[in-house]
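Undergrad: Okay, handing you the structure first.
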2 protein chains.
Amino acid sequence: MLPEASVDSSGCRFCPLVVVELASDTAEETVAWLLSRIRDKQQNGGAELLVEQMGPGVDSEEKENPNVFLVGASWQRLLAGAEETGFFKEYNDGSMRGFTLANKNNFKDFKGDGDDFLSMAECQSIIKHELDTLRAKDETHVPGHTSAKLYPGKSIVRRLQSKGILFQIFPLHEKEELKRLSFSWYNKMKLSLQPLDDIRHYFGEGQALYFGFLEYFTFALMPMALVGVPYYLFDWEDYDKYVIFAAFNLVWCTVILELWKRCSATLAYQWGTLSRKKAFEEPRPGFHGVLGFNPVTGREEPLYPNVKRQLRVYLVSLPFVLLCLYLSLYVMMIYFLMEGWALKIHDEEPTFWTEILLYIPSIIYAVVIEIMNIIYRYAAEYLTEWENHRLESSYQNHLVLKVLVFNFFNCFASLFYIAFVMQDMVLLRQSLATLLITSQILNQFMEAFLPYWLQRRRNKKMMRKVQKRKTLEDKELPVVDQVRLEADMSTYLGTFDDYLELFLLFGYVSLFSCVYPLAAVLVVLNNITEVYSDAFKMCRVFKRPFSEPAANIGVWQLAFEAMSVIAVVTNCALIGMSPQVKTYFQGSEEQLIFWTVAIEHVLLAVKFILTFLIPDVPKHIQIKLARLEFESLEALKKKKMLEASELSKTEQ
Amino acid sequence: MLPEASVDSSGCRFCPLVVVELASDTAEETVAWLLSRIRDKQQNGGAELLVEQMGPGVDSEEKENPNVFLVGASWQRLLAGAEETGFFKEYNDGSMRGFTLANKNNFKDFKGDGDDFLSMAECQSIIKHELDTLRAKDETHVPGHTSAKLYPGKSIVRRLQSKGILFQIFPLHEKEELKRLSFSWYNKMKLSLQPLDDIRHYFGEGQALYFGFLEYFTFALMPMALVGVPYYLFDWEDYDKYVIFAAFNLVWCTVILELWKRCSATLAYQWGTLSRKKAFEEPRPGFHGVLGFNPVTGREEPLYPNVKRQLRVYLVSLPFVLLCLYLSLYVMMIYFLMEGWALKIHDEEPTFWTEILLYIPSIIYAVVIEIMNIIYRYAAEYLTEWENHRLESSYQNHLVLKVLVFNFFNCFASLFYIAFVMQDMVLLRQSLATLLITSQILNQFMEAFLPYWLQRRRNKKMMRKVQKRKTLEDKELPVVDQVRLEADMSTYLGTFDDYLELFLLFGYVSLFSCVYPLAAVLVVLNNITEVYSDAFKMCRVFKRPFSEPAANIGVWQLAFEAMSVIAVVTNCALIGMSPQVKTYFQGSEEQLIFWTVAIEHVLLAVKFILTFLIPDVPKHIQIKLARLEFESLEALKKKKMLEASELSKTEQ
């Protein structure tokens, strides 16, 4: 299951797993030092990994970076690394337990060394972990680069990264398995569930959970889509029925979000990430500050006062975000001016061209929104970087929050304006459809087709070069060229954008479902193509990402839940404002608003009670987790009893 | 610090710590068996505790229960028990760590055996724990009581309790320390903070947290009280200012509840309960079912299908609660009829007597509410018992929920009715004052004076008997009589009622603060007397309770937060309904309601964001906890590295 193995000088079988690319102008002294530190024994503070410099490729006439290294490890080392990293594996009795070398033979699929016990993705993430935790000893700077300061305990790889000496680290693809995976995932013709276990096996838990969520979300929306179709087709303007539809949607949104937690807990348990403990988090590569002692670890590390960071967040980032929101509102008002202007022209002299003109403001606005989102995204990344967060997780949270708020505002502000200020339901429906469809088309184009097209061009160029040189017996590329090819592929930047897209789609469905019941149908259709395009881009367009252990979808769960709360408010207001409902409360506006608000509060209360009543982890997994905890407590107790009785013996 | 020690047959110093009282008709066989099991070595599955039968008291002419036993333990045993129970103690470096016998000398106050390292309350709870975990071996029933079935692993004490053979277990008071504590707590004249550490030392963390919360709550209400006084005195009917007052109250409620979490975390950290791990929970004594195997422990124990319990909860308990709520509403309507009838009589012929008559319905209603609460409480306990919960915690949660909902309804329904249906603010203010003052007087009477009076009568009787027999040199009672006296004291039933009272007071303050600004003042006054009466009843009226480890105030935090959410809704509605605000929006009812609802939503959003922004655990404690976790991870890693290198050596 590993790519072709070569035998290195030490006589150990060497399978390249991870590629480390240094800048081409790296001093030789630095390279030699880094390699020796990577190869050094663990007792001496090394990583004890195997590493080889890669030879020149087929098109060596072109200028190539010579500092590309392949990293691998012995099986013994990988197993030790699995224990350090804290992998959970299936035990003989079917439960999931933390892997330990001491009782490795009690794990289910363990059959000796060098077997299928660890997947290639796991081996790669072990190597990543070992490289990341390779620490400086008494070096004060990187040899050959006096500006790259080091201090005892500093992660070497992170310093090299932050100084631009280390260009990239990425795991290699595995041709055979990738072919099998992509066939079962998106190449075969018949519709089926995604091979989540295989995806997790190849890409890791973070990715697999995203695709799991995408699939779950699609299925969960189907009832809403099915109910929505007749509403749309037969133009049921009867708001009695709309009220039922909206109420159903609201309860349904809450229920599916709650049930997803259970699903994700089940998946995470099977994959061994549910009870996996988080290791202590290192500072992120970009973090800087005055050298001091970390109060938790006692190690030397840069410190940056929390107060300063808070000041940056509240005095710079927050006003900037508010300014951007204001700008977005301004653009929206221009859109409405254009819309009114186009309508006036069309009304004065209706021709075929003015008919087309009517659609132009919406399309321009949709495109402008996308562009603003992209620009804002860069600004948000820059600002969050500048806020200088110590932890990657805190950086991510601040970034997600910034981007989420702006995207929400940008995408939905015009709809809120139409719905609640203009109170024009026909226009709302029309805008919703335009926005939804335009953004879907744009997204699919930007996400999959564009990178695919670029990648194909690159692939062809490479293949042409290879064929120019020698006639290949088989069509497989040699490892060296494979590595060069993958090194040039775009880097996958994580699931952020994919989740963000789902989040906005969820917004379209939940916020305005009661005026445009077809939204769910469109989103379901989009999700189905999304599965294919996302799968395709993971397998063909991007570098293989390192597998990220994940127990849930993290902050996104919260974001989706917040959206479903806002949805309750919006839907109740929309229903309250509908003329059909108004006729029920003829004249008595007060009564109408009172009842709308009362129902809204009841729905919100029901939501919270439902959230509380549905347990986040299914019973059978709760029991398994409790059993593990109980066993470890009992083992501890037994051990202590033994110690105590020994102690009392020696004291007597 | 321990009561007078006697030397028992084995030559070991014996301090009676806990009293075990069996039913007077217990078979001798049972007594002998129980004592031998308690005295047996731990290796043989015994509790290894010291136990002595108590001799007859001074008034042995009267019929006395001979089966009263005093339990104690050697210091060695208590220290081992402290480790088993999982006590956290202050370490040499100032952090709190789980106590282990192996490095006992590294703990701060440890100075050899028999010192002040463990407080008497801790020793008592260790003995309680050891007695509770004394398990049946191969006995199929309690010897001498064939109906009391046992199975391997069943807690003996719990079975004896559930069969009524074991009458009670309680820890002994410690005269000297109690005198000191009660002096610094409530006897000395000058006002000061409560001695929380001493309370914790004597009564345990659960009690200390309650008193800490009571004190915190009193201080937190002071700003509201201070702001409220001028509002009341100068009759500021200007609703501009009321709006500010109400908004201040709402934000303040949220902030104090959030800050309390931080306070409680700080206290719990100092007391070593914050990171203490919960042991696996045993079934509660009353739990029954068909014998089977617990899926978590694999031990034999009664099982009761969850579905059956859910059916009982949703098909019996829930309808019963709803029926009671309906009944409570019915009583409320009768009250309003009486009120109207009294008003009519007074209006027809106003005399002094009709003036008094005006107050009678309110007073009757307040008394009826209290009576209904008490009756309902018994019903709720019966029902929750019948629901047959496996765990004490689950039983408590269901009971709290039932009682809370009914009490909330019972106390506040009439106020809601007056406020929102009758919209009579003058009556609301008057009713609020009547309810608040009546319930406070009733509570203080029922809680402290009545039990104290009963206890005094008992004490006097006992003293008279003692003095009849012999002239005492000192006024101290001999231990035997002390035990008999304490055995007759009422049992303290936990902090439930105390928290419930605070919860309702918090409701009066937060729900209707904007019509009756004096509420906070009344509650502050009540709380100050409450501290004294509660402290008094803990020290003098009740048996000493076993100390309960607690890291926070549990479900009550949630209850208080729920109340503060309801308070936002109520206050906004009250302000929106006020005539002064209505004049601002002359005629445009729609605008008024819209703004009221909008402001309500903004306040709710601010509440949730505040909850999110204020961390639950103060930074410096977070760091300490992280350091402990980091150290244990590092220690584990080192251990594994050692094992791995040893393993690789043996394999070579």
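Chain labels A, B, ... are given in the sequence in which chains occur in the structure tokens; within each chain residues are numbered consecutively from 1, and ligands are likewise numbered from 1 in the order shown.
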Enumerate the residues of segment 374-607 of chain A with a DSSP assignment of alpha helix (DSSP H), computed from the backbone, and present them as a PyMOL selection string.
TA: chain A and resi 374-386+392-416+425-444+450-469+479-488+496-512+519-536+555-577+579-584+589-607
Undergrad: Return as a PDB file with C-alpha atoms, in the first residue's frame the residues belonging to chain B that are within 10 Å of chain A, counting only C-alpha atoms.
TA:
ATOM      1  CA  GLN B  42      -9.238  -4.276  52.512  1.00  0.00           C
ATOM      2  CA  GLN B  43      -7.499  -7.212  50.817  1.00  0.00           C
ATOM      3  CA  GLN B  76      -3.000   5.374  57.745  1.00  0.00           C
ATOM      4  CA  ARG B  77      -6.401   4.210  56.579  1.00  0.00           C
ATOM      5  CA  ALA B  80      -5.322   5.825  51.833  1.00  0.00           C
ATOM      6  CA  GLU B  83      -6.339   9.013  47.753  1.00  0.00           C
ATOM      7  CA  GLU B  84      -9.176   6.655  46.786  1.00  0.00           C
ATOM      8  CA  THR B  85     -11.788   9.360  47.188  1.00  0.00           C
ATOM      9  CA  THR B 100      -1.382  10.304  46.584  1.00  0.00           C
ATOM     10  CA  LEU B 101       0.140   8.294  49.404  1.00  0.00           C
ATOM     11  CA  ALA B 102       3.320   7.841  47.386  1.00  0.00           C
ATOM     12  CA  LYS B 277     -12.821  13.740  38.809  1.00  0.00           C
ATOM     13  CA  ALA B 279     -16.210   8.706  40.508  1.00  0.00           C
ATOM     14  CA  PHE B 280     -18.495   6.284  38.729  1.00  0.00           C
ATOM     15  CA  GLU B 281     -21.972   6.807  40.164  1.00  0.00           C
ATOM     16  CA  ASN B 294     -24.538  -3.022  33.899  1.00  0.00           C
ATOM     17  CA  PRO B 295     -23.179  -2.341  30.396  1.00  0.00           C
ATOM     18  CA  VAL B 296     -20.560   0.062  31.765  1.00  0.00           C
ATOM     19  CA  THR B 297     -19.121  -1.792  34.728  1.00  0.00           C
ATOM     20  CA  GLY B 298     -20.053  -5.317  33.708  1.00  0.00           C
ATOM     21  CA  VAL B 569     -38.899  39.697  28.080  1.00  0.00           C
ATOM     22  CA  SER B 588     -48.650  54.609  16.312  1.00  0.00           C
ATOM     23  CA  GLU B 589     -49.089  51.410  18.334  1.00  0.00           C
ATOM     24  CA  GLU B 590     -47.354  49.469  15.602  1.00  0.00           C
ATOM     25  CA  GLN B 591     -44.139  51.488  15.910  1.00  0.00           C
ATOM     26  CA  LEU B 592     -44.213  51.154  19.680  1.00  0.00           C
ATOM     27  CA  ILE B 593     -44.500  47.389  19.642  1.00  0.00           C
ATOM     28  CA  PHE B 594     -41.920  47.104  16.877  1.00  0.00           C
ATOM     29  CA  VAL B 597     -39.585  43.880  20.340  1.00  0.00           C
ATOM     30  CA  HIS B 601     -34.060  41.132  20.803  1.00  0.00           C
ATOM     31  CA  HIS B 620      -4.791  32.686  36.311  1.00  0.00           C
ATOM     32  CA  GLN B 622      -6.919  28.469  33.584  1.00  0.00           C
ATOM     33  CA  ILE B 623      -3.128  28.713  33.453  1.00  0.00           C
ATOM     34  CA  LYS B 624      -2.725  26.665  36.632  1.00  0.00           C
ATOM     35  CA  LEU B 625      -5.066  23.969  35.322  1.00  0.00           C
ATOM     36  CA  ALA B 626      -3.308  23.923  31.938  1.00  0.00           C
ATOM     37  CA  ARG B 627       0.051  23.598  33.674  1.00  0.00           C
ATOM     38  CA  LEU B 628      -1.125  20.575  35.649  1.00  0.00           C
ATOM     39  CA  GLU B 629      -2.494  18.947  32.527  1.00  0.00           C
ATOM     40  CA  PHE B 630       0.671  19.727  30.601  1.00  0.00           C
ATOM     41  CA  GLU B 631       2.821  18.237  33.341  1.00  0.00           C
ATOM     42  CA  LEU B 633       1.018  14.740  29.662  1.00  0.00           C
ATOM     43  CA  GLU B 634       4.788  15.271  29.768  1.00  0.00           C
ATOM     44  CA  LEU B 636       3.159  10.218  30.540  1.00  0.00           C
ATOM     45  CA  LYS B 637       5.261  10.889  27.456  1.00  0.00           C
ATOM     46  CA  LYS B 638       8.488  10.398  29.396  1.00  0.00           C
ATOM     47  CA  LYS B 640       6.228   5.905  27.403  1.00  0.00           C
ATOM     48  CA  MET B 641       9.571   6.891  25.900  1.00  0.00           C
ATOM     49  CA  LEU B 642      11.300   4.935  28.659  1.00  0.00           C
ATOM     50  CA  GLU B 643       9.089   1.908  28.109  1.00  0.00           C
ATOM     51  CA  ALA B 644       9.617   2.089  24.347  1.00  0.00           C
ATOM     52  CA  SER B 645      13.400   2.268  24.664  1.00  0.00           C
ATOM     53  CA  LEU B 647      11.147  -2.571  24.720  1.00  0.00           C
ATOM     54  CA  SER B 648      13.452  -1.931  21.781  1.00  0.00           C
TER      55      SER B 648
END
Undergrad: Would you mind listing what lies within 9 Å of Gly212 of chain B as a compact mmCIF listing (two decimals) with all heavy atoms, in the first residue's frame, with only C-alpha atoms counted and same-chain residues fewer than 6 positions away left out?
TA:
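New file result.txt:
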# COMPACT_ATOMS: atom_id res chain seq x y z
N GLN B 194 -18.40 36.39 55.57
CA GLN B 194 -18.51 35.09 56.20
C GLN B 194 -17.17 34.36 56.14
O GLN B 194 -16.43 34.50 55.16
CB GLN B 194 -19.55 34.24 55.47
CG GLN B 194 -20.95 34.76 55.58
CD GLN B 194 -21.88 33.92 54.76
OE1 GLN B 194 -22.32 32.89 55.18
NE2 GLN B 194 -22.14 34.36 53.55
N LEU B 196 -15.78 31.79 54.84
CA LEU B 196 -16.11 30.71 53.90
C LEU B 196 -15.17 29.51 54.03
O LEU B 196 -15.61 28.36 53.94
CB LEU B 196 -16.07 31.24 52.47
CG LEU B 196 -17.23 32.14 52.07
CD1 LEU B 196 -17.12 32.52 50.61
CD2 LEU B 196 -18.56 31.45 52.33
N CYS B 263 -16.15 33.50 40.25
CA CYS B 263 -15.93 33.41 41.69
C CYS B 263 -15.98 31.97 42.14
O CYS B 263 -15.13 31.51 42.90
CB CYS B 263 -17.02 34.17 42.45
SG CYS B 263 -16.80 35.91 42.43
N SER B 264 -17.00 31.27 41.65
CA SER B 264 -17.18 29.90 42.13
C SER B 264 -16.02 29.03 41.65
O SER B 264 -15.56 28.15 42.38
CB SER B 264 -18.55 29.37 41.70
OG SER B 264 -18.46 28.35 40.79
N LEU B 267 -13.14 29.76 44.03
CA LEU B 267 -13.34 29.06 45.31
C LEU B 267 -13.09 27.57 45.14
O LEU B 267 -12.36 26.95 45.92
CB LEU B 267 -14.76 29.30 45.82
CG LEU B 267 -15.06 30.71 46.34
CD1 LEU B 267 -16.53 30.85 46.67
CD2 LEU B 267 -14.21 31.02 47.56
Undergrad: Mind giving me the straight-line distance from atom CA of Gln168 of chain B to atom CA of Val20 of chain B in Å, one decimal?
TA: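 If I compute the distance from atom CA of Gln168 of chain B to atom CA of Val20 of chain B, I get 6.1 Å.
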Undergrad: Need the shell around Leu209 of chain B: protein/DNA/RNA residues with any atom at most 12 Å away, counting only C-alpha atoms. Skip same-chain ones fewer than 2 positions apart. Format as a VMD selection string?
TA: chain B and resid 194 to 201 203 to 207 211 to 217 260 to 261 263 to 271 273 495 498 to 499 547 to 554 556 to 557
Undergrad: Now that the selection is made, can you save its residues with N, CA and C atoms as a compact mmCIF listing (two decimals), in the first residue's frame?
TA:
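Wrote again-v7.txt, looks like this:
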# COMPACT_ATOMS: atom_id res chain seq x y z
N GLN B 194 -18.40 36.39 55.57
CA GLN B 194 -18.51 35.09 56.20
C GLN B 194 -17.17 34.36 56.14
N PRO B 195 -16.85 33.54 57.13
CA PRO B 195 -15.61 32.77 57.09
C PRO B 195 -15.77 31.54 56.18
N LEU B 196 -15.78 31.79 54.84
CA LEU B 196 -16.11 30.71 53.90
C LEU B 196 -15.17 29.51 54.03
N ASP B 197 -13.86 29.80 54.24
CA ASP B 197 -12.92 28.69 54.33
C ASP B 197 -13.22 27.82 55.55
N ASP B 198 -13.59 28.48 56.64
CA ASP B 198 -13.93 27.71 57.84
C ASP B 198 -15.22 26.93 57.64
N ILE B 199 -16.17 27.53 56.95
CA ILE B 199 -17.43 26.83 56.69
C ILE B 199 -17.15 25.59 55.86
N ARG B 200 -16.31 25.77 54.84
CA ARG B 200 -15.95 24.64 53.99
C ARG B 200 -15.23 23.58 54.81
N HIS B 201 -14.38 24.06 55.72
CA HIS B 201 -13.61 23.15 56.55
C HIS B 201 -14.53 22.31 57.42
N PHE B 203 -18.22 22.14 57.08
CA PHE B 203 -19.42 21.56 56.46
C PHE B 203 -19.18 21.02 55.06
N GLY B 204 -18.05 21.35 54.45
CA GLY B 204 -17.79 20.85 53.11
C GLY B 204 -18.08 21.88 52.05
N GLU B 205 -17.70 21.56 50.80
CA GLU B 205 -17.73 22.52 49.70
C GLU B 205 -19.15 22.89 49.27
N GLY B 206 -20.07 21.92 49.28
CA GLY B 206 -21.44 22.19 48.84
C GLY B 206 -22.07 23.30 49.67
N GLN B 207 -21.96 23.17 51.02
CA GLN B 207 -22.49 24.18 51.92
C GLN B 207 -21.80 25.51 51.73
N PHE B 211 -23.28 29.30 50.83
CA PHE B 211 -23.14 30.53 51.60
C PHE B 211 -22.34 31.57 50.83
N GLY B 212 -21.37 31.08 50.05
CA GLY B 212 -20.63 32.01 49.19
C GLY B 212 -21.56 32.67 48.20
N PHE B 213 -22.45 31.89 47.62
CA PHE B 213 -23.38 32.44 46.63
C PHE B 213 -24.34 33.43 47.28
N LEU B 214 -24.81 33.06 48.47
CA LEU B 214 -25.73 33.93 49.19
C LEU B 214 -25.08 35.29 49.45
N GLU B 215 -23.82 35.24 49.88
CA GLU B 215 -23.11 36.48 50.17
C GLU B 215 -22.87 37.29 48.90
N TYR B 216 -22.41 36.55 47.85
CA TYR B 216 -22.14 37.20 46.57
C TYR B 216 -23.40 37.88 46.03
N PHE B 217 -24.48 37.14 46.10
CA PHE B 217 -25.77 37.60 45.60
C PHE B 217 -26.20 38.88 46.34
N TRP B 260 -20.24 35.37 38.83
CA TRP B 260 -20.34 34.35 39.88
C TRP B 260 -19.65 33.07 39.44
N LYS B 261 -19.80 32.69 38.16
CA LYS B 261 -19.12 31.49 37.67
C LYS B 261 -17.63 31.59 37.93
N CYS B 263 -16.15 33.50 40.25
CA CYS B 263 -15.93 33.41 41.69
C CYS B 263 -15.98 31.97 42.14
N SER B 264 -17.00 31.27 41.65
CA SER B 264 -17.18 29.90 42.13
C SER B 264 -16.02 29.03 41.65
N ALA B 265 -15.50 29.32 40.43
CA ALA B 265 -14.36 28.55 39.95
C ALA B 265 -13.14 28.83 40.83
N THR B 266 -12.98 30.09 41.23
CA THR B 266 -11.84 30.44 42.09
C THR B 266 -11.94 29.70 43.42
N LEU B 267 -13.14 29.76 44.03
CA LEU B 267 -13.34 29.06 45.31
C LEU B 267 -13.09 27.57 45.14
N ALA B 268 -13.70 26.99 44.08
CA ALA B 268 -13.60 25.54 43.89
C ALA B 268 -12.16 25.13 43.63
N TYR B 269 -11.40 26.01 42.98
CA TYR B 269 -9.99 25.67 42.75
C TYR B 269 -9.24 25.66 44.08
N GLN B 270 -9.47 26.68 44.90
CA GLN B 270 -8.80 26.72 46.21
C GLN B 270 -9.16 25.52 47.06
N TRP B 271 -10.37 25.08 46.92
CA TRP B 271 -10.84 23.97 47.74
C TRP B 271 -10.55 22.62 47.09
N THR B 273 -11.83 21.21 44.40
CA THR B 273 -12.90 20.42 43.81
C THR B 273 -13.08 20.72 42.32
N THR B 495 -29.16 21.71 50.26
CA THR B 495 -29.28 23.13 49.97
C THR B 495 -30.46 23.45 49.07
N ASP B 498 -32.89 26.18 50.24
CA ASP B 498 -32.22 27.46 50.36
C ASP B 498 -32.03 28.10 48.99
N TYR B 499 -31.57 27.30 48.03
CA TYR B 499 -31.40 27.84 46.68
C TYR B 499 -32.74 28.24 46.07
N SER B 547 -20.07 16.26 54.25
CA SER B 547 -19.64 17.29 53.31
C SER B 547 -19.73 16.74 51.89
N GLU B 548 -20.30 17.56 51.02
CA GLU B 548 -20.47 17.15 49.62
C GLU B 548 -19.45 17.91 48.79
N PRO B 549 -18.60 17.22 48.06
CA PRO B 549 -17.71 17.98 47.19
C PRO B 549 -18.52 18.61 46.06
N ALA B 550 -18.27 19.87 45.76
CA ALA B 550 -19.00 20.54 44.70
C ALA B 550 -18.08 21.53 44.02
N ALA B 551 -18.15 21.59 42.71
CA ALA B 551 -17.28 22.51 41.97
C ALA B 551 -18.04 23.76 41.56
N ASN B 552 -19.37 23.71 41.62
CA ASN B 552 -20.18 24.89 41.28
C ASN B 552 -21.58 24.67 41.86
N ILE B 553 -22.49 25.61 41.62
CA ILE B 553 -23.81 25.46 42.22
C ILE B 553 -24.73 24.65 41.31
N GLY B 554 -24.16 24.04 40.27
CA GLY B 554 -24.86 23.05 39.46
C GLY B 554 -26.03 23.60 38.70
N TRP B 556 -28.55 25.10 39.52
CA TRP B 556 -29.08 26.40 39.91
C TRP B 556 -28.53 27.53 39.07
N GLN B 557 -27.29 27.37 38.62
CA GLN B 557 -26.73 28.39 37.73
C GLN B 557 -27.63 28.53 36.49
Undergrad: Using only C-alpha atoms, determine which residues lie at most 9 Å from Leu329 of chain A, disregarding the query and same-chain residues fewer than 2 positions distant; provide the list as a ChimeraX atom specification.
TA: /A:324-327,331-334,409-410,413-414
Undergrad: Grab the residues selected above and save them as an mmCIF file, in the first residue's frame with N, CA, C and O atoms.
TA:
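Result file follows (selection.cif):
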data_model
loop_
_atom_site.group_PDB
_atom_site.id
_atom_site.type_symbol
_atom_site.label_atom_id
_atom_site.label_comp_id
_atom_site.auth_asym_id
_atom_site.auth_seq_id
_atom_site.Cartn_x
_atom_site.Cartn_y
_atom_site.Cartn_z
ATOM 1 N N CYS A 324 -16.476 48.063 7.021
ATOM 2 C CA CYS A 324 -16.742 47.214 5.862
ATOM 3 C C CYS A 324 -18.235 46.925 5.758
ATOM 4 O O CYS A 324 -18.794 46.902 4.652
ATOM 5 N N LEU A 325 -18.871 46.711 6.906
ATOM 6 C CA LEU A 325 -20.308 46.447 6.881
ATOM 7 C C LEU A 325 -21.036 47.670 6.331
ATOM 8 O O LEU A 325 -21.968 47.558 5.526
ATOM 9 N N TYR A 326 -20.581 48.857 6.748
ATOM 10 C CA TYR A 326 -21.193 50.083 6.264
ATOM 11 C C TYR A 326 -21.015 50.207 4.750
ATOM 12 O O TYR A 326 -21.959 50.522 4.026
ATOM 13 N N LEU A 327 -19.802 49.898 4.284
ATOM 14 C CA LEU A 327 -19.497 49.936 2.858
ATOM 15 C C LEU A 327 -20.419 48.989 2.100
ATOM 16 O O LEU A 327 -20.959 49.329 1.030
ATOM 17 N N VAL A 331 -22.979 49.894 -0.941
ATOM 18 C CA VAL A 331 -23.054 49.214 -2.243
ATOM 19 C C VAL A 331 -24.479 48.719 -2.479
ATOM 20 O O VAL A 331 -25.027 48.825 -3.587
ATOM 21 N N MET A 332 -25.080 48.210 -1.415
ATOM 22 C CA MET A 332 -26.451 47.724 -1.545
ATOM 23 C C MET A 332 -27.397 48.846 -1.976
ATOM 24 O O MET A 332 -28.249 48.663 -2.842
ATOM 25 N N MET A 333 -27.208 50.016 -1.357
ATOM 26 C CA MET A 333 -28.094 51.132 -1.715
ATOM 27 C C MET A 333 -27.894 51.534 -3.178
ATOM 28 O O MET A 333 -28.860 51.840 -3.896
ATOM 29 N N ILE A 334 -26.636 51.475 -3.667
ATOM 30 C CA ILE A 334 -26.377 51.756 -5.083
ATOM 31 C C ILE A 334 -27.128 50.753 -5.956
ATOM 32 O O ILE A 334 -27.746 51.098 -6.973
ATOM 33 N N PHE A 409 -23.720 39.459 6.257
ATOM 34 C CA PHE A 409 -24.246 40.779 5.981
ATOM 35 C C PHE A 409 -24.316 41.036 4.489
ATOM 36 O O PHE A 409 -25.349 41.470 3.950
ATOM 37 N N ASN A 410 -23.217 40.741 3.821
ATOM 38 C CA ASN A 410 -23.095 40.994 2.394
ATOM 39 C C ASN A 410 -24.134 40.223 1.593
ATOM 40 O O ASN A 410 -24.728 40.738 0.650
ATOM 41 N N ALA A 413 -28.051 41.177 3.482
ATOM 42 C CA ALA A 413 -28.531 42.527 3.804
ATOM 43 C C ALA A 413 -29.591 42.986 2.818
ATOM 44 O O ALA A 413 -30.640 43.508 3.208
ATOM 45 N N SER A 414 -29.326 42.769 1.518
ATOM 46 C CA SER A 414 -30.290 43.242 0.527
ATOM 47 C C SER A 414 -31.619 42.514 0.692
ATOM 48 O O SER A 414 -32.690 43.109 0.543
#
Undergrad: Write out as a ChimeraX atom specification the set of residues from segment 161-351 of chain B that DSSP, computed on the backbone, places in strand (DSSP E or B).
TA: /B:166-171,290-293,300-303
Undergrad: Please dump the current selection as an mmCIF file, in the first residue's frame; keep C-alpha atoms.
TA:
data_model
loop_
_atom_site.group_PDB
_atom_site.id
_atom_site.type_symbol
_atom_site.label_atom_id
_atom_site.label_comp_id
_atom_site.auth_asym_id
_atom_site.auth_seq_id
_atom_site.Cartn_x
_atom_site.Cartn_y
_atom_site.Cartn_z
ATOM 1 C CA LEU B 166 -29.881 0.924 58.531
ATOM 2 C CA PHE B 167 -31.688 3.782 60.163
ATOM 3 C CA GLN B 168 -29.206 6.581 59.623
ATOM 4 C CA ILE B 169 -25.559 7.455 59.167
ATOM 5 C CA PHE B 170 -24.394 10.835 60.267
ATOM 6 C CA PRO B 171 -21.134 12.539 61.150
ATOM 7 C CA VAL B 290 -34.614 -6.781 37.281
ATOM 8 C CA LEU B 291 -31.112 -8.071 38.036
ATOM 9 C CA GLY B 292 -28.845 -7.860 35.008
ATOM 10 C CA PHE B 293 -25.410 -6.673 34.006
ATOM 11 C CA GLU B 300 -24.424 -7.381 38.339
ATOM 12 C CA GLU B 301 -26.971 -4.737 39.275
ATOM 13 C CA PRO B 302 -30.681 -4.016 38.851
ATOM 14 C CA LEU B 303 -31.620 -2.728 35.404
#
Undergrad: Using only C-alpha atoms, which residues sit within 9 Å of Phe245 of chain B once same-chain residues fewer than 5 positions away are excluded, as an MDAnalysis selection string?
TA: chainID B and resid 224 227:228 231 240 250 513:514 517
